[in-house]
>>> print(open('work.cif').read())   # mmCIF, C-alpha atoms and all ligand atoms
data_entry
#
loop_
_atom_site.label_atom_id
_atom_site.label_comp_id
_atom_site.auth_asym_id
_atom_site.auth_seq_id
_atom_site.Cartn_x
_atom_site.Cartn_y
_atom_site.Cartn_z
CA MET A 1 0.00 0.00 0.00
CA ASN A 2 1.20 3.51 -0.76
CA ARG A 3 0.83 6.03 2.00
CA ILE A 4 1.91 9.68 2.00
CA PHE A 5 2.98 11.66 5.03
CA SER A 6 4.04 15.29 4.85
CA GLY A 7 3.89 18.39 7.01
CA ILE A 8 4.62 22.07 7.43
CA GLN A 9 5.73 23.96 10.53
CA PRO A 10 3.22 26.47 11.92
CA THR A 11 5.68 29.31 12.17
CA GLY A 12 3.75 32.06 10.39
CA ASN A 13 3.95 33.50 6.89
CA LEU A 14 3.20 30.57 4.62
CA HIS A 15 4.66 31.50 1.27
CA LEU A 16 4.84 30.60 -2.37
CA GLY A 17 7.69 28.12 -1.68
CA ASN A 18 5.47 26.17 0.70
CA TYR A 19 2.71 26.17 -1.88
CA LEU A 20 4.74 25.22 -4.97
CA GLY A 21 7.23 22.95 -3.17
CA ALA A 22 4.69 21.09 -1.07
CA ILE A 23 0.95 21.84 -0.78
CA ARG A 24 0.23 22.05 -4.50
CA ASN A 25 1.78 18.64 -5.06
CA TRP A 26 -0.23 17.17 -2.18
CA VAL A 27 -3.43 18.32 -3.84
CA ALA A 28 -2.37 16.59 -7.05
CA LEU A 29 -1.46 13.34 -5.24
CA GLN A 30 -4.34 13.07 -2.77
CA HIS A 31 -6.52 10.80 -4.87
CA ASP A 32 -3.78 8.35 -5.77
CA TYR A 33 -2.51 7.72 -2.22
CA GLU A 34 -3.77 7.43 1.30
CA CYS A 35 -2.65 10.83 2.63
CA ILE A 36 -1.73 12.20 6.03
CA PHE A 37 -0.93 15.91 6.21
CA CYS A 38 0.35 17.24 9.48
CA ILE A 39 0.85 20.67 11.00
CA VAL A 40 4.10 19.96 12.81
CA ASP A 41 3.77 22.11 15.92
CA LEU A 42 6.41 20.14 17.87
CA HIS A 43 8.91 20.98 15.15
CA ALA A 44 7.99 24.65 15.50
CA LEU A 45 9.16 24.54 19.14
CA THR A 46 12.76 23.99 18.00
CA VAL A 47 13.00 27.78 17.97
CA PRO A 48 11.26 30.08 20.50
CA GLN A 49 7.54 30.59 19.79
CA ASP A 50 4.96 32.88 21.31
CA PRO A 51 2.19 30.51 22.56
CA ALA A 52 -0.72 32.56 21.20
CA GLU A 53 1.00 32.97 17.84
CA LEU A 54 1.77 29.26 17.66
CA ARG A 55 -1.90 28.40 18.24
CA ALA A 56 -2.98 30.92 15.60
CA ALA A 57 -0.38 29.70 13.10
CA THR A 58 -1.46 26.07 13.60
CA ARG A 59 -5.00 27.02 12.64
CA GLU A 60 -3.79 29.18 9.77
CA VAL A 61 -1.72 26.38 8.24
CA THR A 62 -4.75 24.08 8.54
CA ALA A 63 -6.81 26.68 6.70
CA ALA A 64 -4.11 26.94 4.03
CA TYR A 65 -4.15 23.19 3.35
CA ILE A 66 -7.91 23.22 2.91
CA ALA A 67 -8.03 26.49 0.96
CA ALA A 68 -5.41 25.15 -1.45
CA GLY A 69 -7.57 22.11 -2.15
CA VAL A 70 -6.55 19.38 0.31
CA ASP A 71 -9.82 17.56 1.04
CA PRO A 72 -10.25 16.94 4.79
CA GLU A 73 -12.90 14.29 4.12
CA HIS A 74 -10.46 12.27 2.12
CA CYS A 75 -7.10 13.11 3.74
CA ILE A 76 -6.11 13.09 7.39
CA ILE A 77 -5.23 16.61 8.58
CA PHE A 78 -4.08 17.11 12.17
CA ASN A 79 -1.52 18.82 14.37
CA GLN A 80 1.42 16.69 15.45
CA SER A 81 1.24 17.24 19.23
CA MET A 82 -2.27 15.74 19.41
CA VAL A 83 -0.84 12.32 18.57
CA THR A 84 1.71 11.54 21.28
CA ALA A 85 3.04 8.53 19.38
CA HIS A 86 5.29 10.92 17.40
CA SER A 87 7.30 11.93 20.47
CA GLU A 88 7.38 8.42 21.89
CA LEU A 89 8.66 6.86 18.71
CA ALA A 90 11.17 9.71 18.26
CA TRP A 91 12.88 8.69 21.51
CA ILE A 92 13.17 5.06 20.46
CA LEU A 93 14.55 6.09 17.07
CA SER A 94 16.98 8.56 18.60
CA CYS A 95 18.59 5.61 20.37
CA LEU A 96 19.27 4.07 16.95
CA THR A 97 20.63 7.18 15.27
CA PRO A 98 24.39 7.74 15.20
CA LEU A 99 25.49 11.33 15.89
CA GLY A 100 27.50 11.20 12.68
CA TRP A 101 24.28 11.07 10.67
CA LEU A 102 22.87 14.14 12.39
CA ASN A 103 26.16 16.01 12.02
CA ARG A 104 25.73 15.84 8.25
CA MET A 105 22.40 17.73 8.24
CA THR A 106 22.96 20.99 6.40
CA GLN A 107 19.82 22.64 7.73
CA PHE A 108 21.07 22.35 11.30
CA LYS A 109 24.34 23.96 10.33
CA GLU A 110 22.47 26.83 8.64
CA LYS A 111 19.96 27.34 11.44
CA ALA A 112 22.43 27.01 14.31
CA GLY A 113 24.84 29.39 12.58
CA LYS A 114 27.91 30.46 14.48
CA GLN A 115 26.23 30.03 17.88
CA ARG A 116 26.54 26.24 17.62
CA GLU A 117 26.97 25.74 21.37
CA MET A 118 23.80 27.72 22.06
CA ALA A 119 21.58 25.80 19.61
CA GLY A 120 18.93 23.66 21.33
CA LEU A 121 19.03 19.88 21.46
CA GLY A 122 15.59 19.91 19.78
CA LEU A 123 16.95 21.75 16.74
CA TYR A 124 19.68 19.13 16.44
CA ALA A 125 17.40 16.14 17.04
CA TYR A 126 14.60 17.49 14.81
CA PRO A 127 15.30 15.14 11.88
CA VAL A 128 14.73 12.17 14.21
CA LEU A 129 11.30 13.53 15.12
CA MET A 130 10.65 13.99 11.42
CA ALA A 131 11.65 10.37 10.82
CA ALA A 132 9.19 9.32 13.56
CA ASP A 133 6.45 11.37 11.85
CA ILE A 134 7.00 9.54 8.61
CA ILE A 135 7.80 5.96 9.58
CA GLY A 136 5.40 6.04 12.55
CA TYR A 137 2.68 5.70 9.89
CA LYS A 138 4.72 3.33 7.74
CA ALA A 139 4.49 6.02 5.06
CA THR A 140 6.04 5.09 1.72
CA HIS A 141 6.16 8.54 0.06
CA VAL A 142 6.97 12.01 1.31
CA PRO A 143 6.19 14.95 -1.00
CA VAL A 144 8.38 17.90 0.04
CA GLY A 145 10.47 20.74 -1.40
CA GLU A 146 14.09 20.18 -2.35
CA ASP A 147 15.38 21.49 1.01
CA GLN A 148 13.85 18.53 2.89
CA LYS A 149 15.38 15.81 0.73
CA GLN A 150 18.25 15.20 3.11
CA HIS A 151 15.87 14.77 6.06
CA VAL A 152 13.71 12.24 4.20
CA GLU A 153 16.84 10.30 3.27
CA LEU A 154 17.80 10.28 6.94
CA ALA A 155 14.33 8.92 7.78
CA ARG A 156 15.05 6.15 5.28
CA ASP A 157 18.38 5.40 6.95
CA ILE A 158 16.76 5.33 10.39
CA ALA A 159 14.02 2.97 9.16
CA GLY A 160 16.77 0.73 7.80
CA ALA A 161 18.68 0.90 11.08
CA PHE A 162 15.59 -0.27 12.99
CA ASN A 163 14.94 -3.10 10.55
CA ARG A 164 18.56 -4.28 10.81
CA ARG A 165 18.80 -3.97 14.59
CA TYR A 166 15.66 -6.03 15.12
CA GLU A 167 16.24 -8.26 12.09
CA ARG A 168 12.92 -7.81 10.35
CA ASP A 169 11.32 -5.88 7.54
CA PHE A 170 9.16 -3.71 9.76
CA PHE A 171 9.34 -0.17 8.41
CA PRO A 172 9.06 0.52 4.68
CA LEU A 173 11.87 2.80 3.44
CA PRO A 174 10.15 6.12 2.62
CA GLU A 175 10.92 7.94 -0.61
CA PRO A 176 11.00 11.69 -1.16
CA GLN A 177 8.72 12.99 -3.93
CA ILE A 178 10.13 16.23 -5.26
CA PHE A 179 8.52 17.54 -8.39
CA GLY A 180 7.15 20.46 -10.34
CA GLU A 181 9.04 23.36 -11.90
CA ALA A 182 9.65 25.12 -8.57
CA THR A 183 11.08 22.61 -6.11
CA ARG A 184 13.34 25.26 -4.64
CA VAL A 185 11.77 28.70 -4.79
CA MET A 186 14.33 31.41 -4.17
CA SER A 187 13.97 34.80 -2.47
CA LEU A 188 12.62 37.55 -4.71
CA ARG A 189 15.41 39.79 -3.45
CA ASP A 190 18.33 37.38 -3.77
CA GLY A 191 18.44 34.51 -6.26
CA THR A 192 20.99 32.61 -4.17
CA LYS A 193 18.83 32.44 -1.01
CA LYS A 194 15.82 30.20 -0.43
CA MET A 195 12.43 31.88 -0.04
CA SER A 196 11.76 31.35 3.65
CA LYS A 197 9.29 32.15 6.41
CA SER A 198 12.01 33.65 8.55
CA ASP A 199 13.45 36.13 6.03
CA THR A 200 13.15 39.58 7.60
CA SER A 201 12.56 41.28 4.25
CA ASP A 202 8.83 41.27 3.37
CA TYR A 203 9.76 41.79 -0.25
CA SER A 204 11.64 38.48 -0.33
CA ARG A 205 8.53 36.32 -0.53
CA LEU A 206 4.94 36.14 -1.76
CA ASN A 207 2.81 35.07 1.18
CA MET A 208 -0.20 32.84 0.64
CA THR A 209 -2.38 35.56 2.22
CA ASP A 210 -1.03 38.53 0.21
CA ASP A 211 -3.69 40.58 -1.60
CA ALA A 212 -3.51 41.48 -5.29
CA ASP A 213 -1.85 44.88 -4.76
CA THR A 214 0.82 43.43 -2.48
CA ILE A 215 1.57 40.64 -4.94
CA ALA A 216 1.86 43.11 -7.82
CA LEU A 217 4.16 45.38 -5.81
CA LYS A 218 6.45 42.54 -4.69
CA VAL A 219 6.71 41.14 -8.21
CA ARG A 220 7.52 44.59 -9.59
CA ARG A 221 10.26 44.98 -6.97
CA ALA A 222 11.68 41.50 -7.52
CA LYS A 223 15.38 41.64 -8.32
CA THR A 224 16.25 41.11 -11.98
CA ASP A 225 19.03 42.07 -14.34
CA PRO A 226 18.80 44.60 -17.20
CA GLU A 227 19.01 42.04 -20.05
CA PRO A 228 15.82 40.78 -21.73
CA LEU A 229 14.87 37.14 -21.12
CA PRO A 230 17.15 34.70 -22.95
CA ASP A 231 15.94 32.05 -25.37
CA THR A 232 17.65 28.97 -23.99
CA ILE A 233 17.41 27.23 -20.62
CA ALA A 234 21.22 27.05 -20.47
CA ALA A 235 21.45 30.86 -20.71
CA LEU A 236 18.63 31.25 -18.19
CA GLU A 237 20.37 29.04 -15.66
CA LYS A 238 23.32 31.44 -15.56
CA ARG A 239 20.99 34.17 -14.20
CA PRO A 240 19.64 33.01 -10.81
CA GLU A 241 16.97 35.70 -10.32
CA ALA A 242 15.61 35.34 -13.85
CA ASP A 243 15.72 31.56 -13.57
CA ASN A 244 13.76 31.68 -10.31
CA LEU A 245 11.02 33.93 -11.72
CA VAL A 246 10.61 31.82 -14.86
CA GLY A 247 10.37 28.68 -12.70
CA ILE A 248 7.69 30.32 -10.56
CA TYR A 249 5.76 31.43 -13.64
CA ALA A 250 5.96 27.95 -15.16
CA ALA A 251 4.73 26.28 -11.97
CA LEU A 252 1.87 28.73 -11.48
CA ALA A 253 0.78 28.56 -15.12
CA ASP A 254 1.14 24.77 -15.27
CA LEU A 255 3.79 24.88 -17.97
CA THR A 256 7.27 23.43 -18.27
CA ARG A 257 10.17 25.84 -17.93
CA GLU A 258 10.82 25.49 -21.66
CA GLN A 259 7.25 26.41 -22.54
CA ALA A 260 7.33 29.39 -20.17
CA LEU A 261 10.61 30.63 -21.59
CA ALA A 262 9.36 30.26 -25.17
CA ARG A 263 6.55 32.70 -24.27
CA PHE A 264 8.91 35.40 -23.06
CA ALA A 265 12.27 34.91 -24.82
CA GLY A 266 13.62 38.27 -26.02
CA LYS A 267 10.99 40.24 -24.05
CA ASN A 268 11.95 42.58 -21.25
CA PHE A 269 11.21 42.02 -17.59
CA SER A 270 8.45 44.60 -17.29
CA THR A 271 6.29 42.63 -19.73
CA PHE A 272 7.16 39.33 -18.09
CA LYS A 273 6.53 40.66 -14.58
CA GLU A 274 3.05 41.85 -15.51
CA GLU A 275 2.16 38.35 -16.66
CA LEU A 276 3.80 36.79 -13.62
CA SER A 277 1.84 39.08 -11.35
CA ALA A 278 -1.42 38.23 -13.10
CA VAL A 279 -0.96 34.48 -12.70
CA ALA A 280 0.23 34.83 -9.09
CA VAL A 281 -2.80 36.96 -8.23
CA GLU A 282 -5.09 34.45 -9.89
CA VAL A 283 -3.69 31.45 -7.99
CA LEU A 284 -2.74 32.96 -4.61
CA GLY A 285 -5.61 35.46 -4.52
CA LYS A 286 -8.16 32.66 -4.60
CA ILE A 287 -6.37 30.63 -1.92
CA GLY A 288 -5.79 33.65 0.33
CA GLY A 289 -9.44 34.66 0.12
CA GLU A 290 -10.56 31.15 1.02
CA MET A 291 -8.08 31.06 3.93
CA ARG A 292 -9.50 34.28 5.33
CA ARG A 293 -13.02 32.89 5.04
CA LEU A 294 -12.06 29.63 6.77
CA MET A 295 -10.23 31.36 9.59
CA VAL A 296 -13.40 33.08 10.70
CA GLU A 297 -14.88 29.64 11.40
CA MET A 298 -12.35 28.57 13.99
CA ASP A 299 -14.61 25.85 15.42
CA HIS A 300 -14.76 24.22 12.02
CA ILE A 301 -10.94 24.23 11.77
CA ASP A 302 -10.61 22.78 15.27
CA ALA A 303 -13.16 20.06 14.49
CA ILE A 304 -11.11 19.04 11.44
CA LEU A 305 -7.95 18.82 13.57
CA HIS A 306 -9.68 16.75 16.25
CA GLN A 307 -11.17 14.36 13.77
CA GLY A 308 -7.83 14.13 11.96
CA ALA A 309 -5.99 13.37 15.21
CA GLU A 310 -8.37 10.52 15.94
CA ARG A 311 -7.88 9.01 12.52
CA ALA A 312 -4.10 9.50 12.76
CA SER A 313 -3.97 7.86 16.21
CA ALA A 314 -5.87 4.87 14.90
CA ILE A 315 -2.94 4.26 12.52
CA ALA A 316 0.00 5.40 14.68
CA ILE A 317 -0.86 3.76 18.01
CA PRO A 318 -1.00 0.15 16.79
CA ILE A 319 2.34 0.70 15.00
CA LEU A 320 3.87 2.16 18.18
CA ARG A 321 2.55 -0.81 20.20
CA GLU A 322 4.24 -3.19 17.79
CA VAL A 323 7.46 -1.20 18.09
CA GLN A 324 7.21 -1.44 21.88
CA ASP A 325 6.80 -5.20 21.64
CA ILE A 326 9.67 -5.56 19.20
CA THR A 327 12.00 -3.47 21.35
CA GLY A 328 11.06 -5.22 24.61
CA LEU A 329 9.17 -2.42 26.34
CA LEU A 330 6.41 -3.70 28.61
CA ARG A 331 3.16 -1.82 28.12
CA PRO A 332 -0.03 -1.38 30.19
CA GLU A 333 -1.88 -4.27 28.51
CA HIS A 334 0.81 -6.76 29.52
P1 LIG B 401 8.73 24.68 6.20
O1 LIG B 401 8.31 26.07 5.82
O2 LIG B 401 10.19 24.59 6.47
O3 LIG B 401 7.87 24.07 7.26
O4 LIG B 401 8.51 23.79 4.90
C1 LIG B 401 7.32 23.13 4.59
C2 LIG B 401 7.37 22.55 3.21
O5 LIG B 401 7.56 23.57 2.23
C3 LIG B 401 8.52 21.55 3.00
O6 LIG B 401 8.06 20.51 2.15
C4 LIG B 401 9.55 22.38 2.31
O7 LIG B 401 10.43 21.62 1.51
C5 LIG B 401 8.70 23.29 1.45
N1 LIG B 401 9.40 24.56 1.19
C6 LIG B 401 9.76 25.49 2.11
N2 LIG B 401 10.42 26.51 1.51
C7 LIG B 401 10.49 26.20 0.20
C8 LIG B 401 11.04 26.86 -0.94
N3 LIG B 401 11.64 28.05 -0.84
N4 LIG B 401 10.93 26.25 -2.14
C9 LIG B 401 10.31 25.05 -2.26
N5 LIG B 401 9.77 24.38 -1.23
C10 LIG B 401 9.85 24.94 -0.01
N1 LIG B 402 10.86 19.38 8.61
C1 LIG B 402 9.89 19.80 7.65
C2 LIG B 402 10.12 21.26 7.28
O1 LIG B 402 10.64 22.02 8.04
C3 LIG B 402 8.51 19.64 8.18
C4 LIG B 402 8.23 18.22 8.52
C5 LIG B 402 8.20 17.70 9.77
C6 LIG B 402 7.93 17.18 7.61
N2 LIG B 402 7.89 16.37 9.72
C7 LIG B 402 7.73 16.02 8.42
C8 LIG B 402 7.84 17.09 6.24
C9 LIG B 402 7.45 14.79 7.86
C10 LIG B 402 7.54 15.85 5.67
C11 LIG B 402 7.35 14.71 6.48
O2 LIG B 402 9.75 21.64 6.22
#
>>> encode(input="work.cif", output="structure tokens", more="lines below")
Ligand code: AMP
Ligand code: TRP
Amino acid sequence: MNRIFSGIQPTGNLHLGNYLGAIRNWVALQHDYECIFCIVDLHALTVPQDPAELRAATREVTAAYIAAGVDPEHCIIFNQSMVTAHSELAWILSCLTPLGWLNRMTQFKEKAGKQREMAGLGLYAYPVLMAADIIGYKATHVPVGEDQKQHVELARDIAGAFNRRYERDFFPLPEPQIFGEATRVMSLRDGTKKMSKSDTSDYSRLNMTDDADTIALKVRRAKTDPEPLPDTIAALEKRPEADNLVGIYAALADLTREQALARFAGKNFSTFKEELSAVAVEVLGKIGGEMRRLMVEMDHIDAILHQGAERASAIAIPILREVQDITGLLRPEH
């Protein structure tokens, strides 16, 4: 059986990278797989969070999933902390994970920065919790943006480590699913930096809740170079900002990069940016509007999360019980 697990941290400012790298692909996959989409609030705690903002962001991310087209009747949508199996399994897996594997994680190095000694244990151990999220449901596929590939591969290694230690084929080895024309959306202000929730420049990203005027303004201000658009992908790839914008246009307009470039080769950026703005407003405007509508009905959002947590527990708890038996942990029923 093929089962998908994926998630997003409720840390505010969902942006175009989250949409094109993750949510949009989930919507496309939801009818071909059994799907579990999580709002990973425990992951959010790896950096300081204001409690009220964390609660609000958890509901906002839920609204974003639904507004973008994830069907809560069909898919399981819930917040991670409601299913305690994630944390319990994470401990067991952490005992199987060599430090050397965690030391390779590039995201930790980036996030911890120079203050390595001050970084929290949670930030360091986070990929083990992510592995527990995924393999705790015996998920086979994990649709994510390019930046999460290394973490999904680690989850695979940890699943393999468990299977070897206990000499059985218990966990399937999960595979990353990274596709579309914008698997790594870059900042609108700097083509060498990832578009991210934590960038302090508002002009660096298109948020999923931006209105039409804000989208138009940010696209107009997006960094470009003075040359018109080139006519080959090879030439485009030498210009990171132009490459990023063409990738975004292609993804939003449901075209390949080649098709998008063919439309604009030789044209200047002002023409291209108008078209880019129009398609971004069309796609994000609709989703943002729906998010705002959903967020007024907070009880409805909470009901979806509760129901999702029940359905998720029904899958995760029996798997955790089996893990406890395999590892030799006595449990209440014994
Ligand atoms: P995060 O915002 O780190 O919780 O990421 C949630 C999901 O969005 C993950 O699947 C990421 O890979 C994806 N994502 C985040 N930023 C980007 C980006 N700039 N480009 C593509 N995908 C992204
Ligand atoms: N670590 C992911 C991110 O920051 C979020 C995440 C947590 C996740 N658990 C997951 C993604 C499990 C896919 C599967 O983007």
>>> residues_near_ligand(input="work.cif", ligand="ligand LIG 401 (chain B)", cutoff="9 Å", atoms="only C-alpha atoms and all ligand atoms", output="VMD selection string")
chain A and resid 6 to 23 39 to 40 43 to 44 142 to 149 178 182 to 187 193 to 198 205
>>> write_last_selection(input="work.cif", atoms="C-alpha atoms", output="tab-separated table (two decimals), in the frame of the given file")
chain	number	residue	atom	x	y	z
A	6	SER	CA	4.04	15.29	4.85
A	7	GLY	CA	3.89	18.39	7.01
A	8	ILE	CA	4.62	22.07	7.43
A	9	GLN	CA	5.73	23.96	10.53
A	10	PRO	CA	3.22	26.47	11.92
A	11	THR	CA	5.68	29.31	12.17
A	12	GLY	CA	3.75	32.06	10.39
A	13	ASN	CA	3.95	33.50	6.89
A	14	LEU	CA	3.20	30.57	4.62
A	15	HIS	CA	4.66	31.50	1.27
A	16	LEU	CA	4.84	30.60	-2.37
A	17	GLY	CA	7.69	28.12	-1.68
A	18	ASN	CA	5.47	26.17	0.70
A	19	TYR	CA	2.71	26.17	-1.88
A	20	LEU	CA	4.74	25.22	-4.97
A	21	GLY	CA	7.23	22.95	-3.17
A	22	ALA	CA	4.69	21.09	-1.07
A	23	ILE	CA	0.95	21.84	-0.78
A	39	ILE	CA	0.85	20.67	11.00
A	40	VAL	CA	4.10	19.96	12.81
A	43	HIS	CA	8.91	20.98	15.15
A	44	ALA	CA	7.99	24.65	15.50
A	142	VAL	CA	6.97	12.01	1.31
A	143	PRO	CA	6.19	14.95	-1.00
A	144	VAL	CA	8.38	17.90	0.04
A	145	GLY	CA	10.47	20.74	-1.40
A	146	GLU	CA	14.09	20.18	-2.35
A	147	ASP	CA	15.38	21.49	1.01
A	148	GLN	CA	13.85	18.53	2.89
A	149	LYS	CA	15.38	15.81	0.73
A	178	ILE	CA	10.13	16.23	-5.26
A	182	ALA	CA	9.65	25.12	-8.57
A	183	THR	CA	11.08	22.61	-6.11
A	184	ARG	CA	13.34	25.26	-4.64
A	185	VAL	CA	11.77	28.70	-4.79
A	186	MET	CA	14.33	31.41	-4.17
A	187	SER	CA	13.97	34.80	-2.47
A	193	LYS	CA	18.83	32.44	-1.01
A	194	LYS	CA	15.82	30.20	-0.43
A	195	MET	CA	12.43	31.88	-0.04
A	196	SER	CA	11.76	31.35	3.65
A	197	LYS	CA	9.29	32.15	6.41
A	198	SER	CA	12.01	33.65	8.55
A	205	ARG	CA	8.53	36.32	-0.53
>>> closest_residue(input="work.cif", among="A:Arg311, A:Arg3, A:Arg156, A:Arg59", to="Thr140 in chain A", atoms="only C-alpha atoms")
A:Arg3
>>> closest_residue(input="work.cif", among="A:Pro51, A:Pro174, A:Gly69, A:Gly100", to="ligand LIG 402 (chain B)", atoms="all atoms listed in the file")
A:Pro174
>>> axis_aligned_box(input="work.cif", around="ligand LIG 402 (chain B)", padding_each_side="4 Å", output="AutoDock Vina command-line options")
--center_x 9.1 --center_y 18.4 --center_z 7.7 --size_x 11.5 --size_y 15.3 --size_z 12.1
>>> atom_distance(input="work.cif", atom1="CA of Ala90 in chain A", atom2="CA of Phe162 in chain A")
12.1 Å
>>> closest_residue(input="work.cif", among="A:Leu123, A:Val152, A:Ile287, A:Leu54", to="ligand LIG 402 (chain B)", atoms="all atoms listed in the file")
A:Val152
>>> atom_distance(input="work.cif", atom1="CA of Gly266 in chain A", atom2="CA of Leu229 in chain A")
5.2 Å
>>> atom_distance(input="work.cif", atom1="CA of Arg189 in chain A", atom2="CA of Phe272 in chain A")
16.8 Å
>>> residues_around(input="work.cif", residues="Val283 in chain A", least_positions_apart="4", cutoff="12 Å", atoms="all atoms listed in the file", output="PDB file with C-alpha atoms, in the coordinates of the input")
ATOM      1  CA  LEU A  16       4.840  30.600  -2.370  1.00  0.00           C
ATOM      2  CA  TYR A  19       2.710  26.170  -1.880  1.00  0.00           C
ATOM      3  CA  LEU A  20       4.740  25.220  -4.970  1.00  0.00           C
ATOM      4  CA  ARG A  24       0.230  22.050  -4.500  1.00  0.00           C
ATOM      5  CA  ALA A  67      -8.030  26.490   0.960  1.00  0.00           C
ATOM      6  CA  ALA A  68      -5.410  25.150  -1.450  1.00  0.00           C
ATOM      7  CA  GLY A  69      -7.570  22.110  -2.150  1.00  0.00           C
ATOM      8  CA  LEU A 206       4.940  36.140  -1.760  1.00  0.00           C
ATOM      9  CA  ASN A 207       2.810  35.070   1.180  1.00  0.00           C
ATOM     10  CA  MET A 208      -0.200  32.840   0.640  1.00  0.00           C
ATOM     11  CA  THR A 209      -2.380  35.560   2.220  1.00  0.00           C
ATOM     12  CA  ASP A 210      -1.030  38.530   0.210  1.00  0.00           C
ATOM     13  CA  ASP A 211      -3.690  40.580  -1.600  1.00  0.00           C
ATOM     14  CA  ALA A 212      -3.510  41.480  -5.290  1.00  0.00           C
ATOM     15  CA  ILE A 215       1.570  40.640  -4.940  1.00  0.00           C
ATOM     16  CA  ILE A 248       7.690  30.320 -10.560  1.00  0.00           C
ATOM     17  CA  TYR A 249       5.760  31.430 -13.640  1.00  0.00           C
ATOM     18  CA  ALA A 251       4.730  26.280 -11.970  1.00  0.00           C
ATOM     19  CA  LEU A 252       1.870  28.730 -11.480  1.00  0.00           C
ATOM     20  CA  ALA A 253       0.780  28.560 -15.120  1.00  0.00           C
ATOM     21  CA  ASP A 254       1.140  24.770 -15.270  1.00  0.00           C
ATOM     22  CA  LEU A 276       3.800  36.790 -13.620  1.00  0.00           C
ATOM     23  CA  SER A 277       1.840  39.080 -11.350  1.00  0.00           C
ATOM     24  CA  ALA A 278      -1.420  38.230 -13.100  1.00  0.00           C
ATOM     25  CA  VAL A 279      -0.960  34.480 -12.700  1.00  0.00           C
ATOM     26  CA  ILE A 287      -6.370  30.630  -1.920  1.00  0.00           C
ATOM     27  CA  GLY A 288      -5.790  33.650   0.330  1.00  0.00           C
ATOM     28  CA  GLY A 289      -9.440  34.660   0.120  1.00  0.00           C
ATOM     29  CA  GLU A 290     -10.560  31.150   1.020  1.00  0.00           C
TER      30      GLU A 290
END
>>> closest_residue(input="work.cif", among="A:Ala265, A:Ala234, A:Ala303, A:Glu274", to="Val219 in chain A", atoms="all atoms listed in the file")
A:Glu274
>>> closest_residue(input="work.cif", among="A:Pro127, A:Pro48, A:Gly136, A:Pro240", to="ligand LIG 402 (chain B)", atoms="only C-alpha atoms and all ligand atoms")
A:Pro127
>>> closest_residue(input="work.cif", among="A:Arg116, A:Lys138, A:Arg55, A:Lys218", to="ligand LIG 402 (chain B)", atoms="all atoms listed in the file")
A:Lys138
>>> residues_around(input="work.cif", residues="Gln259 in chain A", least_positions_apart="3", cutoff="12 Å", atoms="only C-alpha atoms", output="list in words")
Glu181, Asp231, Thr232, Ile233, Val246, Gly247, Tyr249, Ala250, Ala251, Ala253, Asp254, Leu255, Thr256, Ala262, Arg263, Phe264 and Ala265 of chain A
>>> residues_near_point(input="work.cif", point="(18.5, 45.6, -22.4)", cutoff="12 Å", atoms="all atoms listed in the file", output="compact mmCIF listing (two decimals) with C-alpha atoms, keeping the file's coordinate frame")
# COMPACT_ATOMS: atom_id res chain seq x y z
CA THR A 224 16.25 41.11 -11.98
CA ASP A 225 19.03 42.07 -14.34
CA PRO A 226 18.80 44.60 -17.20
CA GLU A 227 19.01 42.04 -20.05
CA PRO A 228 15.82 40.78 -21.73
CA LEU A 229 14.87 37.14 -21.12
CA PRO A 230 17.15 34.70 -22.95
CA GLY A 266 13.62 38.27 -26.02
CA LYS A 267 10.99 40.24 -24.05
CA ASN A 268 11.95 42.58 -21.25
CA PHE A 269 11.21 42.02 -17.59
CA SER A 270 8.45 44.60 -17.29
>>> residues_around(input="work.cif", residues="range 291-302 of chain A", least_positions_apart="4", cutoff="10 Å", atoms="all atoms listed in the file", output="list of chain:residue names")
A:Ala56, A:Thr58, A:Arg59, A:Glu60, A:Val61, A:Thr62, A:Ala63, A:Ala64, A:Tyr65, A:Ile66, A:Ala67, A:Ala68, A:Phe78, A:Asn79, A:Met208, A:Thr209, A:Gly285, A:Lys286, A:Ile287, A:His306, A:Gln307, A:Gly308
>>> residues_around(input="work.cif", residues="Leu320 in chain A", least_positions_apart="6", cutoff="12 Å", atoms="only C-alpha atoms", output="count of residues only")
25
>>> residues_around(input="work.cif", residues="range 32-37 of chain A", least_positions_apart="3", cutoff="6 Å", atoms="all atoms listed in the file", output="list in words")
Asn2, Arg3, Ile4, Phe5, Ser6, Gly7, Leu29, Cys75, Ile76 and Ile77 of chain A
>>> write_last_selection(input="work.cif", atoms="C-alpha atoms", output="tab-separated table (two decimals), keeping the file's coordinate frame")
chain	number	residue	atom	x	y	z
A	2	ASN	CA	1.20	3.51	-0.76
A	3	ARG	CA	0.83	6.03	2.00
A	4	ILE	CA	1.91	9.68	2.00
A	5	PHE	CA	2.98	11.66	5.03
A	6	SER	CA	4.04	15.29	4.85
A	7	GLY	CA	3.89	18.39	7.01
A	29	LEU	CA	-1.46	13.34	-5.24
A	75	CYS	CA	-7.10	13.11	3.74
A	76	ILE	CA	-6.11	13.09	7.39
A	77	ILE	CA	-5.23	16.61	8.58
